[in-house]
$ cat query-v1.pdb   # PDB, C-alpha atoms
ATOM      1  CA  MET A   1      16.548 -47.958 -11.119  1.00  0.00           C
ATOM      2  CA  SER A   2      14.773 -46.910  -7.924  1.00  0.00           C
ATOM      3  CA  ILE A   3      12.118 -44.404  -6.883  1.00  0.00           C
ATOM      4  CA  ALA A   4      14.823 -41.899  -5.931  1.00  0.00           C
ATOM      5  CA  GLN A   5      16.366 -42.120  -9.412  1.00  0.00           C
ATOM      6  CA  LEU A   6      13.135 -41.329 -11.279  1.00  0.00           C
ATOM      7  CA  ALA A   7      12.974 -37.882 -12.858  1.00  0.00           C
ATOM      8  CA  GLY A   8      10.481 -35.350 -11.517  1.00  0.00           C
ATOM      9  CA  GLN A   9       7.597 -35.754  -9.085  1.00  0.00           C
ATOM     10  CA  PRO A  10       9.581 -34.948  -5.900  1.00  0.00           C
ATOM     11  CA  MET A  11       6.472 -34.730  -3.680  1.00  0.00           C
ATOM     12  CA  ALA A  12       5.076 -38.058  -4.910  1.00  0.00           C
ATOM     13  CA  LYS A  13       8.459 -39.716  -4.409  1.00  0.00           C
ATOM     14  CA  ARG A  14       8.682 -38.397  -0.836  1.00  0.00           C
ATOM     15  CA  ILE A  15       5.193 -39.631   0.007  1.00  0.00           C
ATOM     16  CA  LEU A  16       5.837 -43.119  -1.383  1.00  0.00           C
ATOM     17  CA  GLN A  17       9.255 -43.439   0.235  1.00  0.00           C
ATOM     18  CA  HIS A  18       7.834 -42.304   3.583  1.00  0.00           C
ATOM     19  CA  ALA A  19       5.125 -44.979   3.325  1.00  0.00           C
ATOM     20  CA  LEU A  20       7.783 -47.601   2.599  1.00  0.00           C
ATOM     21  CA  ARG A  21      10.105 -46.522   5.431  1.00  0.00           C
ATOM     22  CA  SER A  22       7.315 -46.228   7.997  1.00  0.00           C
ATOM     23  CA  GLY A  23       5.629 -49.468   6.938  1.00  0.00           C
ATOM     24  CA  LYS A  24       2.334 -47.618   6.492  1.00  0.00           C
ATOM     25  CA  VAL A  25       1.564 -48.602   2.923  1.00  0.00           C
ATOM     26  CA  SER A  26      -2.008 -47.991   1.857  1.00  0.00           C
ATOM     27  CA  HIS A  27      -4.038 -50.674   0.119  1.00  0.00           C
ATOM     28  CA  ALA A  28      -4.704 -48.471  -2.936  1.00  0.00           C
ATOM     29  CA  TYR A  29      -3.085 -45.615  -4.846  1.00  0.00           C
ATOM     30  CA  LEU A  30      -4.270 -43.469  -7.765  1.00  0.00           C
ATOM     31  CA  PHE A  31      -1.523 -42.083 -10.006  1.00  0.00           C
ATOM     32  CA  SER A  32      -2.993 -39.411 -12.243  1.00  0.00           C
ATOM     33  CA  GLY A  33      -1.231 -37.275 -14.822  1.00  0.00           C
ATOM     34  CA  PRO A  34      -0.837 -36.482 -18.497  1.00  0.00           C
ATOM     35  CA  PRO A  35       0.917 -38.802 -20.946  1.00  0.00           C
ATOM     36  CA  GLY A  36       4.663 -38.805 -20.391  1.00  0.00           C
ATOM     37  CA  SER A  37       4.415 -37.871 -16.703  1.00  0.00           C
ATOM     38  CA  GLY A  38       5.999 -41.159 -15.615  1.00  0.00           C
ATOM     39  CA  ARG A  39       2.976 -42.792 -13.980  1.00  0.00           C
ATOM     40  CA  MET A  40       3.882 -46.326 -15.085  1.00  0.00           C
ATOM     41  CA  ALA A  41       7.579 -45.929 -14.256  1.00  0.00           C
ATOM     42  CA  MET A  42       6.675 -44.691 -10.767  1.00  0.00           C
ATOM     43  CA  ALA A  43       4.150 -47.507 -10.294  1.00  0.00           C
ATOM     44  CA  LYS A  44       6.694 -50.146 -11.306  1.00  0.00           C
ATOM     45  CA  GLU A  45       9.431 -48.758  -9.064  1.00  0.00           C
ATOM     46  CA  PHE A  46       6.999 -48.490  -6.139  1.00  0.00           C
ATOM     47  CA  ALA A  47       5.874 -52.096  -6.707  1.00  0.00           C
ATOM     48  CA  LYS A  48       9.494 -53.218  -6.900  1.00  0.00           C
ATOM     49  CA  ALA A  49      10.235 -51.441  -3.604  1.00  0.00           C
ATOM     50  CA  LEU A  50       7.213 -53.140  -2.010  1.00  0.00           C
ATOM     51  CA  PHE A  51       8.576 -56.548  -3.012  1.00  0.00           C
ATOM     52  CA  CYS A  52      12.169 -55.712  -1.979  1.00  0.00           C
ATOM     53  CA  THR A  53      13.361 -57.654   1.066  1.00  0.00           C
ATOM     54  CA  ALA A  54      16.037 -55.104   2.050  1.00  0.00           C
ATOM     55  CA  GLY A  55      13.358 -52.812   3.534  1.00  0.00           C
ATOM     56  CA  GLN A  56      15.244 -49.544   3.068  1.00  0.00           C
ATOM     57  CA  GLY A  57      12.390 -47.375   1.809  1.00  0.00           C
ATOM     58  CA  ASP A  58      13.344 -48.075  -1.805  1.00  0.00           C
ATOM     59  CA  ALA A  59      14.309 -51.057  -3.939  1.00  0.00           C
ATOM     60  CA  CYS A  60      17.875 -52.268  -3.411  1.00  0.00           C
ATOM     61  CA  GLY A  61      18.091 -53.831  -6.876  1.00  0.00           C
ATOM     62  CA  GLU A  62      20.194 -56.705  -5.537  1.00  0.00           C
ATOM     63  CA  CYS A  63      17.972 -59.013  -3.485  1.00  0.00           C
ATOM     64  CA  LEU A  64      16.194 -62.004  -5.028  1.00  0.00           C
ATOM     65  CA  ALA A  65      12.848 -60.175  -5.078  1.00  0.00           C
ATOM     66  CA  CYS A  66      14.342 -57.195  -6.957  1.00  0.00           C
ATOM     67  CA  ARG A  67      16.089 -59.465  -9.449  1.00  0.00           C
ATOM     68  CA  LYS A  68      12.850 -61.410 -10.032  1.00  0.00           C
ATOM     69  CA  PHE A  69      11.032 -58.140 -10.635  1.00  0.00           C
ATOM     70  CA  ASP A  70      13.704 -56.842 -13.033  1.00  0.00           C
ATOM     71  CA  HIS A  71      13.566 -60.045 -15.071  1.00  0.00           C
ATOM     72  CA  GLY A  72       9.750 -60.109 -15.253  1.00  0.00           C
ATOM     73  CA  ASN A  73       9.475 -63.187 -13.043  1.00  0.00           C
ATOM     74  CA  GLN A  74       7.462 -61.725 -10.164  1.00  0.00           C
ATOM     75  CA  PRO A  75       4.352 -63.948  -9.912  1.00  0.00           C
ATOM     76  CA  ASN A  76       2.615 -61.625  -7.435  1.00  0.00           C
ATOM     77  CA  LEU A  77       2.546 -58.632  -9.801  1.00  0.00           C
ATOM     78  CA  HIS A  78      -0.536 -58.357 -12.000  1.00  0.00           C
ATOM     79  CA  VAL A  79      -0.909 -55.710 -14.699  1.00  0.00           C
ATOM     80  CA  VAL A  80      -4.403 -55.044 -16.048  1.00  0.00           C
ATOM     81  CA  GLU A  81      -4.754 -53.266 -19.382  1.00  0.00           C
ATOM     82  CA  PRO A  82      -7.906 -52.374 -21.310  1.00  0.00           C
ATOM     83  CA  ASP A  83      -9.284 -55.165 -23.458  1.00  0.00           C
ATOM     84  CA  GLY A  84     -10.006 -53.164 -26.576  1.00  0.00           C
ATOM     85  CA  SER A  85     -11.252 -49.734 -25.579  1.00  0.00           C
ATOM     86  CA  SER A  86     -12.176 -50.519 -21.958  1.00  0.00           C
ATOM     87  CA  ILE A  87     -11.495 -52.632 -18.913  1.00  0.00           C
ATOM     88  CA  LYS A  88     -14.360 -55.054 -18.614  1.00  0.00           C
ATOM     89  CA  ILE A  89     -16.008 -56.731 -15.629  1.00  0.00           C
ATOM     90  CA  ASP A  90     -14.631 -60.148 -16.636  1.00  0.00           C
ATOM     91  CA  GLN A  91     -11.094 -58.751 -16.290  1.00  0.00           C
ATOM     92  CA  ILE A  92     -11.898 -57.511 -12.774  1.00  0.00           C
ATOM     93  CA  ARG A  93     -13.436 -60.869 -11.838  1.00  0.00           C
ATOM     94  CA  GLU A  94     -10.339 -62.681 -13.117  1.00  0.00           C
ATOM     95  CA  LEU A  95      -8.117 -60.310 -11.138  1.00  0.00           C
ATOM     96  CA  GLN A  96     -10.161 -60.954  -7.998  1.00  0.00           C
ATOM     97  CA  ARG A  97      -9.814 -64.722  -8.530  1.00  0.00           C
ATOM     98  CA  GLU A  98      -6.046 -64.405  -8.971  1.00  0.00           C
ATOM     99  CA  LEU A  99      -5.676 -62.282  -5.849  1.00  0.00           C
ATOM    100  CA  ALA A 100      -7.841 -64.621  -3.776  1.00  0.00           C
ATOM    101  CA  TYR A 101      -5.212 -67.382  -3.958  1.00  0.00           C
ATOM    102  CA  ARG A 102      -2.649 -67.407  -1.192  1.00  0.00           C
ATOM    103  CA  SER A 103       0.771 -66.280  -2.284  1.00  0.00           C
ATOM    104  CA  SER A 104       3.890 -68.231  -1.516  1.00  0.00           C
ATOM    105  CA  GLY A 105       4.979 -67.147   1.945  1.00  0.00           C
ATOM    106  CA  ALA A 106       3.917 -63.814   3.400  1.00  0.00           C
ATOM    107  CA  GLU A 107       4.655 -61.872   0.224  1.00  0.00           C
ATOM    108  CA  ARG A 108       2.208 -59.201  -0.826  1.00  0.00           C
ATOM    109  CA  LYS A 109       0.352 -59.095  -4.121  1.00  0.00           C
ATOM    110  CA  ILE A 110       0.219 -55.974  -6.247  1.00  0.00           C
ATOM    111  CA  TYR A 111      -1.854 -55.058  -9.243  1.00  0.00           C
ATOM    112  CA  ILE A 112      -1.288 -52.130 -11.554  1.00  0.00           C
ATOM    113  CA  MET A 113      -4.274 -51.054 -13.621  1.00  0.00           C
ATOM    114  CA  GLN A 114      -3.422 -48.997 -16.689  1.00  0.00           C
ATOM    115  CA  ARG A 115      -5.950 -46.497 -18.038  1.00  0.00           C
ATOM    116  CA  ALA A 116      -8.252 -47.139 -15.075  1.00  0.00           C
ATOM    117  CA  GLU A 117     -10.634 -44.441 -16.306  1.00  0.00           C
ATOM    118  CA  THR A 118     -11.660 -46.790 -19.163  1.00  0.00           C
ATOM    119  CA  MET A 119     -13.381 -49.271 -16.830  1.00  0.00           C
ATOM    120  CA  THR A 120     -16.971 -49.983 -17.699  1.00  0.00           C
ATOM    121  CA  PRO A 121     -19.412 -48.948 -14.940  1.00  0.00           C
ATOM    122  CA  GLN A 122     -19.919 -52.634 -14.027  1.00  0.00           C
ATOM    123  CA  ALA A 123     -16.151 -53.206 -13.798  1.00  0.00           C
ATOM    124  CA  ALA A 124     -15.679 -50.031 -11.745  1.00  0.00           C
ATOM    125  CA  ASN A 125     -18.413 -51.030  -9.283  1.00  0.00           C
ATOM    126  CA  SER A 126     -16.965 -54.522  -8.928  1.00  0.00           C
ATOM    127  CA  LEU A 127     -13.496 -53.089  -8.322  1.00  0.00           C
ATOM    128  CA  LEU A 128     -14.897 -50.546  -5.851  1.00  0.00           C
ATOM    129  CA  LYS A 129     -16.306 -53.325  -3.680  1.00  0.00           C
ATOM    130  CA  PHE A 130     -12.911 -55.040  -3.852  1.00  0.00           C
ATOM    131  CA  LEU A 131     -11.134 -51.792  -2.897  1.00  0.00           C
ATOM    132  CA  GLU A 132     -13.506 -51.094  -0.002  1.00  0.00           C
ATOM    133  CA  GLU A 133     -12.860 -54.517   1.524  1.00  0.00           C
ATOM    134  CA  PRO A 134      -9.113 -54.948   0.981  1.00  0.00           C
ATOM    135  CA  GLN A 135      -7.447 -58.261   1.542  1.00  0.00           C
ATOM    136  CA  THR A 136      -4.320 -58.183   3.616  1.00  0.00           C
ATOM    137  CA  LEU A 137      -1.108 -57.758   1.665  1.00  0.00           C
ATOM    138  CA  VAL A 138      -2.826 -56.613  -1.549  1.00  0.00           C
ATOM    139  CA  VAL A 139      -1.906 -53.212  -2.999  1.00  0.00           C
ATOM    140  CA  ALA A 140      -3.731 -51.603  -5.924  1.00  0.00           C
ATOM    141  CA  ILE A 141      -2.097 -48.975  -8.121  1.00  0.00           C
ATOM    142  CA  LEU A 142      -4.542 -47.369 -10.533  1.00  0.00           C
ATOM    143  CA  LEU A 143      -3.100 -45.282 -13.376  1.00  0.00           C
ATOM    144  CA  THR A 144      -5.160 -42.670 -15.186  1.00  0.00           C
ATOM    145  CA  GLU A 145      -4.690 -39.649 -17.408  1.00  0.00           C
ATOM    146  CA  ASN A 146      -7.806 -38.057 -15.935  1.00  0.00           C
ATOM    147  CA  GLY A 147      -8.630 -38.645 -12.266  1.00  0.00           C
ATOM    148  CA  GLN A 148     -11.932 -36.808 -12.734  1.00  0.00           C
ATOM    149  CA  ALA A 149     -13.087 -39.532 -15.153  1.00  0.00           C
ATOM    150  CA  MET A 150     -12.987 -42.154 -12.400  1.00  0.00           C
ATOM    151  CA  LEU A 151     -16.251 -43.095 -10.731  1.00  0.00           C
ATOM    152  CA  PRO A 152     -16.486 -41.383  -7.326  1.00  0.00           C
TER     153      PRO A 152
END

$ encode --input "query-v1.pdb" --output "structure tokens"
Amino acid sequence: MSIAQLAGQPMAKRILQHALRSGKVSHAYLFSGPPGSGRMAMAKEFAKALFCTAGQGDACGECLACRKFDHGNQPNLHVVEPDGSSIKIDQIRELQRELAYRSSGAERKIYIMQRAETMTPQAANSLLKFLEEPQTLVVAILLTENGQAMLP
């Protein structure tokens, strides 16, 4: 599958595909919407397109990077989920440690944070510092059902 093949969200798809084609990918994205709106599917397809070596503004599905992603073998993709009812500061610290290591080659690192609104205040503040001082070739995709619940 690719971004273009996802159902719905035509404006979001256009924005993401434009960023990919122009090479102007931001260091962080917030995908907000109700359950069933396709946030995770969009995040995964966007991440796959970012790893794709074809560079066509979407994932080709055929290159080595796309095949690695499809088979769950992409070492530079990190998914953070709540530990219990919230995302804790130790999870953010571990993520920061993982992302501090150099990746093989010039490949970017991506992390997808599910239910980002469940971060504890300490975790959110730690992540905020990390977001404000982005490392090169690191992209954050935060998923939330309620964007208003995120710390400003």

$ atom_distance --input "query-v1.pdb" --atom1 "CA of Val80 (chain A)" --atom2 "CA of Arg21 (chain A)"
27.3 Å

$ closest_residue --input "query-v1.pdb" --among "A:Leu142, A:Ala28, A:Leu131, A:Leu137" --to "Thr118 (chain A)" --atoms "only C-alpha atoms"
A:Leu142

$ closest_residue --input "query-v1.pdb" --among "A:Phe69, A:Ala7, A:Gln135, A:Leu95" --to "Thr53 (chain A)" --atoms "all atoms listed in the file"
A:Phe69

$ resolve_selection --input "query-v1.pdb" --expression "the PyMOL selection byres ((chain A and resi 128) around 12)" --output "list in words"
Ala28, Ile89, Ile92, Gln96, Ala116, Met119, Pro121, Gln122, Ala123, Ala124, Asn125, Ser126, Leu127, Lys129, Phe130, Leu131, Glu132, Glu133, Pro134, Ala140, Leu142, Met150, Leu151 and Pro152 of chain A

$ atom_distance --input "query-v1.pdb" --atom1 "CA of Asn146 (chain A)" --atom2 "CA of Gly84 (chain A)"
18.6 Å

$ atom_distance --input "query-v1.pdb" --atom1 "CA of Thr144 (chain A)" --atom2 "CA of Gly23 (chain A)"
25.5 Å

$ closest_residue --input "query-v1.pdb" --among "A:Val25, A:Leu50, A:Cys60, A:Ala43" --to "Ser2 (chain A)" --atoms "all atoms listed in the file"
A:Cys60
